[in-house]
$ cat entry.csv   # CSV, C-alpha atoms and all ligand atoms
chain,number,residue,atom,x,y,z
A,1,MET,CA,12.6,57.9,15.9
A,2,VAL,CA,15.1,55.3,17.1
A,3,ASP,CA,18.3,55.5,15.1
A,4,SER,CA,20.6,52.9,16.5
A,5,ILE,CA,19.0,50.0,18.2
A,6,ASN,CA,20.5,48.3,21.1
A,7,ASN,CA,24.1,49.5,20.7
A,8,ASN,CA,23.8,52.6,22.8
A,9,GLU,CA,23.9,52.2,26.6
A,10,SER,CA,20.5,53.6,27.3
A,11,LYS,CA,17.4,51.5,27.0
A,12,THR,CA,17.1,48.3,25.1
A,13,TYR,CA,14.1,47.1,23.2
A,14,TRP,CA,12.9,43.5,23.5
A,15,ILE,CA,10.3,41.3,22.1
A,16,ILE,CA,9.3,38.4,24.4
A,17,PRO,CA,6.8,35.6,23.7
A,18,SER,CA,3.9,34.7,26.0
A,19,ARG,CA,1.8,31.7,25.4
A,20,PRO,CA,-1.9,32.5,25.7
A,21,LYS,CA,-2.8,28.8,26.1
A,22,TYR,CA,-0.6,28.6,29.2
A,23,PHE,CA,-0.9,31.9,31.0
A,24,ASP,CA,-3.7,34.5,31.1
A,25,LEU,CA,-1.6,37.6,30.8
A,26,GLU,CA,-4.6,39.9,30.3
A,27,ALA,CA,-6.1,38.8,33.6
A,28,CYS,CA,-2.7,39.3,35.3
A,29,PHE,CA,-2.4,42.9,34.0
A,30,LYS,CA,-6.0,43.6,35.0
A,31,THR,CA,-5.2,42.5,38.5
A,32,TYR,CA,-1.8,43.9,39.1
A,33,GLY,CA,-1.0,46.2,36.3
A,34,PHE,CA,2.3,44.2,35.9
A,35,VAL,CA,3.5,40.7,35.4
A,36,ASP,CA,6.4,38.9,37.2
A,37,TRP,CA,8.0,37.2,34.3
A,38,ARG,CA,9.0,33.6,34.3
A,39,GLY,CA,12.0,32.2,32.5
A,40,SER,CA,15.5,33.3,31.4
A,41,PHE,CA,15.3,36.9,30.6
A,42,TYR,CA,17.9,39.5,31.7
A,43,PRO,CA,16.9,43.0,30.8
A,44,ASN,CA,17.9,46.2,32.5
A,45,ILE,CA,15.6,48.4,34.5
A,46,GLY,CA,13.9,50.9,32.1
A,47,ASP,CA,14.2,48.6,29.1
A,48,ILE,CA,11.1,48.5,26.8
A,49,VAL,CA,9.5,45.1,26.3
A,50,TYR,CA,6.9,44.3,23.7
A,51,VAL,CA,5.0,41.2,24.5
A,52,TYR,CA,4.2,38.9,21.6
A,53,LEU,CA,1.3,36.4,22.1
A,54,SER,CA,2.3,33.2,20.4
A,55,LYS,CA,0.6,31.2,17.8
A,56,PRO,CA,-1.5,29.2,17.2
A,57,VAL,CA,-3.8,31.1,19.5
A,58,ALA,CA,-2.5,34.6,18.6
A,59,GLY,CA,0.6,35.6,16.6
A,60,TYR,CA,0.8,39.3,17.3
A,61,ILE,CA,2.1,42.0,19.7
A,62,LYS,CA,-0.5,43.5,22.0
A,63,TYR,CA,1.4,44.9,24.9
A,64,LYS,CA,4.2,47.4,25.5
A,65,CYS,CA,5.8,47.2,29.0
A,66,GLU,CA,8.6,48.6,30.9
A,67,VAL,CA,11.1,46.7,33.1
A,68,ILE,CA,10.6,48.1,36.7
A,69,ASN,CA,12.6,45.4,38.6
A,70,ASN,CA,15.1,42.9,37.3
A,71,ASN,CA,16.1,41.3,40.6
A,72,LEU,CA,12.9,40.3,42.4
A,73,LYS,CA,13.3,38.6,45.7
A,74,LYS,CA,11.2,35.5,46.2
A,75,SER,CA,9.1,37.3,48.8
A,76,GLU,CA,8.4,40.1,46.4
A,77,VAL,CA,7.0,37.9,43.6
A,78,VAL,CA,3.2,38.2,43.6
A,79,ASN,CA,0.8,35.3,43.5
A,80,GLN,CA,0.0,34.5,39.9
A,81,LYS,CA,-1.3,31.0,40.4
A,82,GLN,CA,-4.8,31.9,39.3
A,83,PHE,CA,-3.6,33.0,35.8
A,84,PHE,CA,-2.0,29.6,34.8
A,85,LEU,CA,-4.2,27.8,32.4
A,86,SER,CA,-2.2,24.6,32.3
A,87,GLU,CA,0.1,23.0,34.9
A,88,GLU,CA,2.7,25.2,36.5
A,89,GLU,CA,6.4,24.6,36.4
A,90,LYS,CA,7.9,23.1,39.5
A,91,HIS,CA,10.6,25.6,40.1
A,92,PRO,CA,9.6,29.0,38.7
A,93,LYS,CA,12.1,31.8,38.6
A,94,GLU,CA,10.5,35.2,38.5
A,95,LYS,CA,13.2,37.8,38.5
A,96,VAL,CA,11.7,40.5,36.2
A,97,ARG,CA,8.7,42.7,36.8
A,98,LEU,CA,7.1,44.2,33.7
A,99,ARG,CA,4.8,47.1,34.2
A,100,LEU,CA,2.1,47.5,31.5
A,101,LEU,CA,2.5,50.8,29.7
A,102,LYS,CA,0.1,50.5,26.8
A,103,ARG,CA,-2.0,48.0,25.0
A,104,LEU,CA,-3.3,47.8,21.4
A,105,ASN,CA,-6.9,47.1,20.2
A,106,THR,CA,-7.7,44.2,18.0
A,107,ASP,CA,-7.4,46.2,14.8
A,108,ASP,CA,-4.0,47.4,15.7
A,109,PHE,CA,-2.2,44.3,16.8
A,110,VAL,CA,1.2,44.0,15.1
A,111,LYS,CA,1.1,40.6,13.5
A,112,PHE,CA,4.1,38.3,13.1
A,113,GLU,CA,3.7,38.5,9.3
A,114,LYS,CA,4.1,42.3,9.4
A,115,MET,CA,7.3,42.0,11.3
A,116,LYS,CA,8.6,39.4,8.9
A,117,GLU,CA,7.8,41.7,6.1
A,118,LEU,CA,9.8,44.4,7.8
A,119,GLY,CA,12.8,42.1,8.1
A,120,LEU,CA,12.4,40.0,11.2
A,121,LYS,CA,14.6,37.0,10.5
A,122,SER,CA,13.8,34.6,13.3
A,123,GLN,CA,10.8,33.1,15.0
A,124,ILE,CA,9.8,34.6,18.4
A,125,GLN,CA,10.5,31.7,20.7
A,126,GLY,CA,12.5,33.4,23.5
A,127,PRO,CA,13.4,37.0,24.4
A,128,LEU,CA,14.5,38.8,21.3
A,129,LYS,CA,17.0,41.6,21.5
A,130,LYS,CA,18.6,42.2,18.1
A,131,ILE,CA,15.6,43.7,16.5
A,132,PRO,CA,15.9,45.7,13.2
A,133,ALA,CA,15.4,49.4,13.8
A,134,ILE,CA,12.7,49.5,11.3
A,135,ILE,CA,10.6,47.1,13.4
A,136,ILE,CA,11.2,49.1,16.6
A,137,ASN,CA,10.2,52.3,14.8
A,138,TYR,CA,7.1,50.7,13.5
A,139,LEU,CA,6.1,49.4,16.9
A,140,GLU,CA,6.9,52.7,18.6
A,141,SER,CA,4.8,54.7,16.2
A,142,LYS,CA,2.0,52.1,16.4
A,143,PHE,CA,1.9,52.3,20.2
A,144,ASN,CA,2.3,56.1,20.2
A,145,THR,CA,-0.7,56.7,17.9
A,146,ASN,CA,-3.0,53.8,18.8
A,147,GLY,CA,-1.7,52.5,22.2
A,148,ILE,CA,-4.2,52.7,25.0
A,149,VAL,CA,-2.8,53.7,28.4
A,150,ASP,CA,-3.8,51.1,30.9
A,151,ASN,CA,-6.7,52.1,33.1
A,152,THR,CA,-6.2,49.6,35.9
A,153,ILE,CA,-4.5,52.2,38.1
A,154,GLU,CA,-7.2,52.1,40.8
A,155,ARG,CA,-7.1,48.4,41.0
A,156,TYR,CA,-3.3,48.4,41.0
A,157,ASN,CA,-3.2,50.7,44.0
A,158,ASN,CA,-5.4,48.4,46.0
A,159,GLU,CA,-3.3,45.5,44.9
A,160,ALA,CA,-0.2,47.3,45.8
A,161,ILE,CA,-1.6,48.0,49.3
A,162,LYS,CA,-2.5,44.4,49.6
A,163,GLN,CA,1.0,43.2,48.6
A,164,LYS,CA,2.7,45.6,51.0
A,165,ALA,CA,0.4,44.8,53.9
A,166,ILE,CA,0.9,41.0,53.4
A,167,GLU,CA,4.7,41.4,53.0
A,168,TYR,CA,4.9,43.5,56.1
A,169,SER,CA,2.8,40.9,57.9
A,170,LYS,CA,5.0,38.1,56.8
A,171,ARG,CA,8.0,39.8,58.2
A,172,MET,CA,6.1,40.1,61.5
A,173,LEU,CA,5.2,36.5,61.4
A,174,ASN,CA,8.8,35.5,61.2
A,175,LYS,CA,9.8,38.0,63.9
A,176,SER,CA,7.1,36.9,66.3
A,177,TYR,CA,9.0,33.7,66.8
A,178,VAL,CA,12.3,35.5,67.4
A,179,SER,CA,11.1,38.1,69.9
A,180,LYS,CA,7.7,37.9,71.4
A,181,THR,CA,8.1,40.9,73.5
A,182,HIS,CA,8.9,43.4,70.8
A,183,VAL,CA,6.3,46.2,70.6
A,184,TYR,CA,5.3,46.9,67.1
A,185,SER,CA,4.0,50.2,65.8
A,186,ARG,CA,0.7,50.5,64.1
A,187,ASN,CA,0.9,50.0,60.4
A,188,GLU,CA,-1.5,52.1,58.2
A,189,LEU,CA,-1.2,49.6,55.4
A,190,VAL,CA,-2.7,46.8,57.5
A,191,SER,CA,-5.7,48.9,58.5
A,192,GLU,CA,-6.1,50.1,54.9
A,193,TYR,CA,-5.9,46.7,53.5
A,194,VAL,CA,-8.3,44.8,55.9
A,195,LYS,CA,-11.0,47.4,55.1
A,196,HIS,CA,-10.4,46.8,51.4
A,197,ARG,CA,-10.3,43.0,51.9
A,198,SER,CA,-13.7,42.8,53.5
A,199,GLN,CA,-15.2,44.6,50.4
A,200,GLY,CA,-17.1,47.1,52.4
A,201,ARG,CA,-18.7,44.6,54.7
A,202,CYS,CA,-18.3,44.1,58.4
A,203,ASP,CA,-16.2,40.9,59.1
A,204,LEU,CA,-18.5,40.1,62.1
A,205,CYS,CA,-22.1,40.8,61.1
A,206,ASP,CA,-21.4,40.7,57.4
A,207,ASN,CA,-23.5,43.8,56.8
A,208,LYS,CA,-22.5,46.7,54.6
A,209,ALA,CA,-20.7,49.6,56.2
A,210,PRO,CA,-23.4,51.9,57.6
A,211,PHE,CA,-22.1,55.0,55.7
A,212,GLU,CA,-19.4,56.2,53.4
A,213,ILE,CA,-16.7,58.8,53.9
A,214,ASP,CA,-15.0,60.1,50.7
A,215,ASN,CA,-16.8,57.4,48.7
A,216,LYS,CA,-15.2,54.7,50.9
A,217,PRO,CA,-17.3,52.4,53.1
A,218,TYR,CA,-16.7,53.4,56.7
A,219,LEU,CA,-15.3,50.5,58.7
A,220,GLU,CA,-12.9,50.3,61.7
A,221,CYS,CA,-9.8,48.1,62.0
A,222,HIS,CA,-9.9,45.8,65.0
A,223,HIS,CA,-7.2,43.5,66.3
A,224,VAL,CA,-8.5,40.1,67.3
A,225,LEU,CA,-5.7,39.7,69.8
A,226,SER,CA,-5.2,43.2,71.2
A,227,LEU,CA,-1.9,44.8,70.7
A,228,SER,CA,-1.6,45.4,74.4
A,229,ASP,CA,-1.9,41.6,74.9
A,230,GLY,CA,0.9,41.0,72.5
A,231,GLY,CA,-1.2,40.7,69.4
A,232,LEU,CA,0.5,41.6,66.2
A,233,ASP,CA,-0.5,44.5,63.9
A,234,THR,CA,-0.7,42.3,60.8
A,235,VAL,CA,-3.3,41.2,58.3
A,236,PHE,CA,-3.7,37.9,60.1
A,237,ASN,CA,-4.6,39.6,63.4
A,238,ALA,CA,-6.8,42.4,62.0
A,239,VAL,CA,-10.4,42.6,60.7
A,240,ALA,CA,-12.7,45.3,59.5
A,241,LEU,CA,-15.7,46.0,61.7
A,242,CYS,CA,-18.7,48.3,61.6
A,243,PRO,CA,-18.8,50.7,64.5
A,244,ASN,CA,-21.6,48.7,66.3
A,245,CYS,CA,-19.8,45.4,66.1
A,246,HIS,CA,-16.5,47.1,67.1
A,247,ARG,CA,-18.1,48.6,70.2
A,248,LYS,CA,-19.8,45.3,71.0
A,249,ILE,CA,-16.7,43.1,70.7
A,250,HIS,CA,-14.8,45.4,73.0
A,251,LEU,CA,-17.5,45.5,75.6
A,252,LEU,CA,-18.7,41.9,75.5
A,253,LYS,CA,-15.7,40.0,74.3
A,254,ALA,CA,-18.0,37.1,73.3
A,255,HIS,CA,-16.1,33.9,72.7
A,256,ASN,CA,-18.1,32.8,69.8
A,257,GLU,CA,-17.7,36.1,68.0
A,258,ILE,CA,-13.9,36.1,68.5
A,259,VAL,CA,-13.8,32.6,67.1
A,260,LYS,CA,-15.9,33.7,64.1
A,261,LEU,CA,-13.4,36.5,63.4
A,262,LYS,CA,-10.4,34.2,63.7
A,263,ASN,CA,-12.0,31.9,61.2
A,264,LYS,CA,-12.7,34.8,58.9
A,265,ILE,CA,-9.0,35.6,59.0
A,266,LEU,CA,-8.0,32.0,58.2
A,267,TYR,CA,-10.4,32.1,55.3
A,268,TYR,CA,-8.7,35.3,53.9
A,269,SER,CA,-5.2,33.9,54.7
A,270,LYS,CA,-5.7,31.1,52.2
A,271,ASN,CA,-5.4,33.7,49.5
A,272,GLU,CA,-2.6,35.6,51.1
A,273,PHE,CA,-0.2,33.0,52.6
A,274,GLN,CA,1.5,29.7,51.9
A,275,GLU,CA,0.3,26.6,53.7
A,276,ASN,CA,3.2,26.4,56.1
A,277,GLU,CA,2.7,30.1,57.0
A,278,ILE,CA,-1.0,29.4,57.7
A,279,GLU,CA,0.1,26.8,60.3
A,280,ASP,CA,2.1,29.6,62.0
A,281,ILE,CA,-0.8,32.0,61.7
A,282,LYS,CA,-3.1,29.4,63.4
A,283,LYS,CA,-0.6,29.3,66.3
A,284,THR,CA,-0.5,33.1,66.7
A,285,LEU,CA,-4.3,33.1,66.7
A,286,LYS,CA,-4.4,30.2,69.2
A,287,LEU,CA,-6.7,28.2,66.9
B,1,ZN,ZN,-20.9,44.6,62.2
B,2,ZN,ZN,-10.8,47.1,68.3
$ encode --input "entry.csv" --output "structure tokens"
Amino acid sequence: MVDSINNNESKTYWIIPSRPKYFDLEACFKTYGFVDWRGSFYPNIGDIVYVYLSKPVAGYIKYKCEVINNNLKKSEVVNQKQFFLSEEEKHPKEKVRLRLLKRLNTDDFVKFEKMKELGLKSQIQGPLKKIPAIIINYLESKFNTNGIVDNTIERYNNEAIKQKAIEYSKRMLNKSYVSKTHVYSRNELVSEYVKHRSQGRCDLCDNKAPFEIDNKPYLECHHVLSLSDGGLDTVFNAVALCPNCHRKIHLLKAHNEIVKLKNKILYYSKNEFQENEIEDIKKTLKL
């Protein structure tokens, strides 16, 4: 049980509102396992955050999260564009990353009326910090008994690999203009990610991988501009190929196939990079 709320120096409990009409939080959690929070909110790492879904659509608490970052850099913030249901703000400030710990099922949602009954004095219009202990205790026991641990871990890992591979590639994109002669070491993440990105299919012939190893489709990572020719080991210079196509492209170096691969990369890049970065990527691909 929580005895004294928010006046010890350990973790603080928060309730923050999210507007279901405006942002699809469920889809965001399903994709990333976390959300990069918008707006003025200044918790400490390790703080517990209950997310309240606002009325008129909802009016209850469904999620329990943990603050895992409270000083996100711009480059670290994930792309959440697809989760906005109405127009986005012009200058979003995401500083806080909330990792989903547990969710409640419909029957167990903690409604606003219940919290009011327990002594909640105010509406939930912004981050709420001074929460009566009785409410925190109620929420804690509710999530302890009925909370469901999120099962998006598998997905989250793939997403984490994607994020890391793209971030790494972005750094390379910037560096490639500073020093063209620098030799870069092979990055496991890039290879891992491009195989995941092609969803088990060869980026050249579009066929499914010919076999699986450890339940994973077998594909090989190929650099469109070879590393020895100064190509970068990045997601915008790498594709996933079946062994046949991989052999073929190295032996024949067919112009039309190389162009096909470059265009495939551009197609993927639209999900991974900003417009101005895509212009830079085109240059590195000589497109
Ligand atoms: Zn192939
Ligand atoms: Zn190759």
$ closest_residue --input "entry.csv" --among "A:Ile265, A:Leu285, A:Val259, A:Cys205" --to "ligand ZN 1 (chain B)" --atoms "all atoms listed in the file"
A:Cys205
$ residues_around --input "entry.csv" --residues "Phe143 of chain A" --least-positions-apart "4" --cutoff "10 Å" --atoms "only C-alpha atoms" --output "ChimeraX atom specification"
/A:62-64,101-104,108-110,137-139,147-149
$ closest_residue --input "entry.csv" --among "A:Thr106, A:His246, A:Val78, A:Gln123" --to "Phe273 of chain A" --atoms "only C-alpha atoms"
A:Val78
$ closest_residue --input "entry.csv" --among "A:Val96, A:Tyr60, A:Lys114, A:Pro20" --to "Asn44 of chain A" --atoms "only C-alpha atoms"
A:Val96
$ closest_residue --input "entry.csv" --among "A:Asn207, A:Asn158, A:Ser269, A:Ser228" --to "Tyr32 of chain A" --atoms "only C-alpha atoms"
A:Asn158
$ residues_near_ligand --input "entry.csv" --ligand "ligand ZN 1 (chain B)" --cutoff "6 Å" --atoms "all atoms listed in the file" --output "PyMOL selection string"
chain A and resi 202+204-205+241-242+244-245
$ closest_residue --input "entry.csv" --among "A:Ile281, A:Leu227, A:Leu287, A:Ala58" --to "ligand ZN 2 (chain B)" --atoms "all atoms listed in the file"
A:Leu227
$ residues_near_ligand --input "entry.csv" --ligand "ligand ZN 2 (chain B)" --cutoff "12 Å" --atoms "only C-alpha atoms and all ligand atoms" --output "ChimeraX atom specification"
/A:191,219-228,231,233,237-253,258,261
$ atom_distance --input "entry.csv" --atom1 "atom CA of Tyr42 of chain A" --atom2 "atom CA of Glu94 of chain A"
10.9 Å
$ atom_distance --input "entry.csv" --atom1 "atom CA of Val51 of chain A" --atom2 "atom CA of Pro17 of chain A"
5.9 Å
$ residues_near_point --input "entry.csv" --point "(17.7, 41.4, 6.5)" --cutoff "12 Å" --atoms "all atoms listed in the file" --output "PyMOL selection string"
chain A and resi 115-122+130-135
$ atom_distance --input "entry.csv" --atom1 "atom CA of Pro92 of chain A" --atom2 "atom CA of Gln125 of chain A"
18.2 Å
$ residues_around --input "entry.csv" --residues "Pro217 of chain A" --least-positions-apart "6" --cutoff "9 Å" --atoms "only C-alpha atoms" --output "list in words"
Lys195, Gln199, Gly200, Arg201, Lys208, Ala209, Pro210 and Phe211 of chain A
$ closest_residue --input "entry.csv" --among "A:Lys111, A:Lys55, A:Asn144, A:Gly33" --to "Leu98 of chain A" --atoms "all atoms listed in the file"
A:Gly33
$ residues_around --input "entry.csv" --residues "Arg38 of chain A" --least-positions-apart "3" --cutoff "12 Å" --atoms "all atoms listed in the file" --output "number ranges by chain"
A: 16-19, 22-23, 25, 35, 41-42, 70, 72, 77-78, 80, 84, 88-98, 126-127
$ write_last_selection --input "entry.csv" --atoms "C-alpha atoms" --output "PDB file, in the frame of the given file"
ATOM      1  CA  ILE A  16       9.300  38.400  24.400  1.00  0.00           C
ATOM      2  CA  PRO A  17       6.800  35.600  23.700  1.00  0.00           C
ATOM      3  CA  SER A  18       3.900  34.700  26.000  1.00  0.00           C
ATOM      4  CA  ARG A  19       1.800  31.700  25.400  1.00  0.00           C
ATOM      5  CA  TYR A  22      -0.600  28.600  29.200  1.00  0.00           C
ATOM      6  CA  PHE A  23      -0.900  31.900  31.000  1.00  0.00           C
ATOM      7  CA  LEU A  25      -1.600  37.600  30.800  1.00  0.00           C
ATOM      8  CA  VAL A  35       3.500  40.700  35.400  1.00  0.00           C
ATOM      9  CA  PHE A  41      15.300  36.900  30.600  1.00  0.00           C
ATOM     10  CA  TYR A  42      17.900  39.500  31.700  1.00  0.00           C
ATOM     11  CA  ASN A  70      15.100  42.900  37.300  1.00  0.00           C
ATOM     12  CA  LEU A  72      12.900  40.300  42.400  1.00  0.00           C
ATOM     13  CA  VAL A  77       7.000  37.900  43.600  1.00  0.00           C
ATOM     14  CA  VAL A  78       3.200  38.200  43.600  1.00  0.00           C
ATOM     15  CA  GLN A  80       0.000  34.500  39.900  1.00  0.00           C
ATOM     16  CA  PHE A  84      -2.000  29.600  34.800  1.00  0.00           C
ATOM     17  CA  GLU A  88       2.700  25.200  36.500  1.00  0.00           C
ATOM     18  CA  GLU A  89       6.400  24.600  36.400  1.00  0.00           C
ATOM     19  CA  LYS A  90       7.900  23.100  39.500  1.00  0.00           C
ATOM     20  CA  HIS A  91      10.600  25.600  40.100  1.00  0.00           C
ATOM     21  CA  PRO A  92       9.600  29.000  38.700  1.00  0.00           C
ATOM     22  CA  LYS A  93      12.100  31.800  38.600  1.00  0.00           C
ATOM     23  CA  GLU A  94      10.500  35.200  38.500  1.00  0.00           C
ATOM     24  CA  LYS A  95      13.200  37.800  38.500  1.00  0.00           C
ATOM     25  CA  VAL A  96      11.700  40.500  36.200  1.00  0.00           C
ATOM     26  CA  ARG A  97       8.700  42.700  36.800  1.00  0.00           C
ATOM     27  CA  LEU A  98       7.100  44.200  33.700  1.00  0.00           C
ATOM     28  CA  GLY A 126      12.500  33.400  23.500  1.00  0.00           C
ATOM     29  CA  PRO A 127      13.400  37.000  24.400  1.00  0.00           C
TER      30      PRO A 127
END
$ build_atoms --input "entry.csv" --residues "segment 121-152 of chain A" --atoms "N, CA and C atoms" --output "PDB file, in the frame of the given file"
ATOM      1  N   LYS A 121      14.016  38.194  11.055  1.00  0.00           N
ATOM      2  CA  LYS A 121      14.600  37.000  10.500  1.00  0.00           C
ATOM      3  C   LYS A 121      14.126  35.710  11.203  1.00  0.00           C
ATOM      4  N   SER A 122      13.997  35.831  12.544  1.00  0.00           N
ATOM      5  CA  SER A 122      13.800  34.600  13.300  1.00  0.00           C
ATOM      6  C   SER A 122      12.345  34.483  13.801  1.00  0.00           C
ATOM      7  N   GLN A 123      12.022  33.310  14.298  1.00  0.00           N
ATOM      8  CA  GLN A 123      10.800  33.100  15.000  1.00  0.00           C
ATOM      9  C   GLN A 123      10.900  33.801  16.385  1.00  0.00           C
ATOM     10  N   ILE A 124       9.769  33.949  17.073  1.00  0.00           N
ATOM     11  CA  ILE A 124       9.800  34.600  18.400  1.00  0.00           C
ATOM     12  C   ILE A 124       9.585  33.463  19.435  1.00  0.00           C
ATOM     13  N   GLN A 125      10.691  32.808  19.827  1.00  0.00           N
ATOM     14  CA  GLN A 125      10.500  31.700  20.700  1.00  0.00           C
ATOM     15  C   GLN A 125      11.113  31.951  22.117  1.00  0.00           C
ATOM     16  N   GLY A 126      11.946  32.967  22.193  1.00  0.00           N
ATOM     17  CA  GLY A 126      12.500  33.400  23.500  1.00  0.00           C
ATOM     18  C   GLY A 126      12.668  34.885  23.407  1.00  0.00           C
ATOM     19  N   PRO A 127      13.231  35.503  24.463  1.00  0.00           N
ATOM     20  CA  PRO A 127      13.400  37.000  24.400  1.00  0.00           C
ATOM     21  C   PRO A 127      14.297  37.363  23.235  1.00  0.00           C
ATOM     22  N   LEU A 128      13.821  38.318  22.468  1.00  0.00           N
ATOM     23  CA  LEU A 128      14.500  38.800  21.300  1.00  0.00           C
ATOM     24  C   LEU A 128      15.071  40.154  21.470  1.00  0.00           C
ATOM     25  N   LYS A 129      16.368  40.297  21.205  1.00  0.00           N
ATOM     26  CA  LYS A 129      17.000  41.600  21.500  1.00  0.00           C
ATOM     27  C   LYS A 129      17.523  42.273  20.266  1.00  0.00           C
ATOM     28  N   LYS A 130      18.041  41.514  19.318  1.00  0.00           N
ATOM     29  CA  LYS A 130      18.600  42.200  18.100  1.00  0.00           C
ATOM     30  C   LYS A 130      17.465  42.341  17.103  1.00  0.00           C
ATOM     31  N   ILE A 131      16.761  43.444  17.296  1.00  0.00           N
ATOM     32  CA  ILE A 131      15.600  43.700  16.500  1.00  0.00           C
ATOM     33  C   ILE A 131      15.907  44.795  15.472  1.00  0.00           C
ATOM     34  N   PRO A 132      15.643  44.602  14.187  1.00  0.00           N
ATOM     35  CA  PRO A 132      15.900  45.700  13.200  1.00  0.00           C
ATOM     36  C   PRO A 132      15.235  46.977  13.612  1.00  0.00           C
ATOM     37  N   ALA A 133      15.963  48.072  13.439  1.00  0.00           N
ATOM     38  CA  ALA A 133      15.400  49.400  13.800  1.00  0.00           C
ATOM     39  C   ALA A 133      14.105  49.695  13.195  1.00  0.00           C
ATOM     40  N   ILE A 134      13.928  49.236  11.976  1.00  0.00           N
ATOM     41  CA  ILE A 134      12.700  49.500  11.300  1.00  0.00           C
ATOM     42  C   ILE A 134      11.477  48.935  11.986  1.00  0.00           C
ATOM     43  N   ILE A 135      11.701  47.783  12.613  1.00  0.00           N
ATOM     44  CA  ILE A 135      10.600  47.100  13.400  1.00  0.00           C
ATOM     45  C   ILE A 135      10.305  47.904  14.643  1.00  0.00           C
ATOM     46  N   ILE A 136      11.375  48.278  15.351  1.00  0.00           N
ATOM     47  CA  ILE A 136      11.200  49.100  16.600  1.00  0.00           C
ATOM     48  C   ILE A 136      10.460  50.365  16.259  1.00  0.00           C
ATOM     49  N   ASN A 137      10.890  51.021  15.199  1.00  0.00           N
ATOM     50  CA  ASN A 137      10.200  52.300  14.800  1.00  0.00           C
ATOM     51  C   ASN A 137       8.752  52.058  14.495  1.00  0.00           C
ATOM     52  N   TYR A 138       8.482  50.974  13.830  1.00  0.00           N
ATOM     53  CA  TYR A 138       7.100  50.700  13.500  1.00  0.00           C
ATOM     54  C   TYR A 138       6.268  50.438  14.763  1.00  0.00           C
ATOM     55  N   LEU A 139       6.831  49.641  15.683  1.00  0.00           N
ATOM     56  CA  LEU A 139       6.100  49.400  16.900  1.00  0.00           C
ATOM     57  C   LEU A 139       5.932  50.627  17.759  1.00  0.00           C
ATOM     58  N   GLU A 140       6.987  51.432  17.836  1.00  0.00           N
ATOM     59  CA  GLU A 140       6.900  52.700  18.600  1.00  0.00           C
ATOM     60  C   GLU A 140       5.804  53.581  18.085  1.00  0.00           C
ATOM     61  N   SER A 141       5.764  53.735  16.754  1.00  0.00           N
ATOM     62  CA  SER A 141       4.800  54.700  16.200  1.00  0.00           C
ATOM     63  C   SER A 141       3.359  54.081  16.362  1.00  0.00           C
ATOM     64  N   LYS A 142       3.259  52.777  16.233  1.00  0.00           N
ATOM     65  CA  LYS A 142       2.000  52.100  16.400  1.00  0.00           C
ATOM     66  C   LYS A 142       1.443  52.367  17.848  1.00  0.00           C
ATOM     67  N   PHE A 143       2.313  52.151  18.841  1.00  0.00           N
ATOM     68  CA  PHE A 143       1.900  52.300  20.200  1.00  0.00           C
ATOM     69  C   PHE A 143       1.703  53.824  20.559  1.00  0.00           C
ATOM     70  N   ASN A 144       2.509  54.676  19.920  1.00  0.00           N
ATOM     71  CA  ASN A 144       2.300  56.100  20.200  1.00  0.00           C
ATOM     72  C   ASN A 144       0.997  56.629  19.664  1.00  0.00           C
ATOM     73  N   THR A 145       0.589  56.146  18.484  1.00  0.00           N
ATOM     74  CA  THR A 145      -0.700  56.700  17.900  1.00  0.00           C
ATOM     75  C   THR A 145      -1.897  55.903  18.423  1.00  0.00           C
ATOM     76  N   ASN A 146      -1.789  54.573  18.529  1.00  0.00           N
ATOM     77  CA  ASN A 146      -3.000  53.800  18.800  1.00  0.00           C
ATOM     78  C   ASN A 146      -2.968  53.117  20.211  1.00  0.00           C
ATOM     79  N   GLY A 147      -1.840  53.184  20.881  1.00  0.00           N
ATOM     80  CA  GLY A 147      -1.700  52.500  22.200  1.00  0.00           C
ATOM     81  C   GLY A 147      -2.658  53.126  23.204  1.00  0.00           C
ATOM     82  N   ILE A 148      -3.256  52.271  24.013  1.00  0.00           N
ATOM     83  CA  ILE A 148      -4.200  52.700  25.000  1.00  0.00           C
ATOM     84  C   ILE A 148      -3.474  52.608  26.390  1.00  0.00           C
ATOM     85  N   VAL A 149      -3.453  53.728  27.093  1.00  0.00           N
ATOM     86  CA  VAL A 149      -2.800  53.700  28.400  1.00  0.00           C
ATOM     87  C   VAL A 149      -3.720  52.863  29.322  1.00  0.00           C
ATOM     88  N   ASP A 150      -3.071  52.036  30.106  1.00  0.00           N
ATOM     89  CA  ASP A 150      -3.800  51.100  30.900  1.00  0.00           C
ATOM     90  C   ASP A 150      -4.647  51.879  31.975  1.00  0.00           C
ATOM     91  N   ASN A 151      -5.894  51.426  32.169  1.00  0.00           N
ATOM     92  CA  ASN A 151      -6.700  52.100  33.100  1.00  0.00           C
ATOM     93  C   ASN A 151      -6.980  51.289  34.403  1.00  0.00           C
ATOM     94  N   THR A 152      -6.013  50.455  34.728  1.00  0.00           N
ATOM     95  CA  THR A 152      -6.200  49.600  35.900  1.00  0.00           C
ATOM     96  C   THR A 152      -5.528  50.226  37.149  1.00  0.00           C
TER      97      THR A 152
END
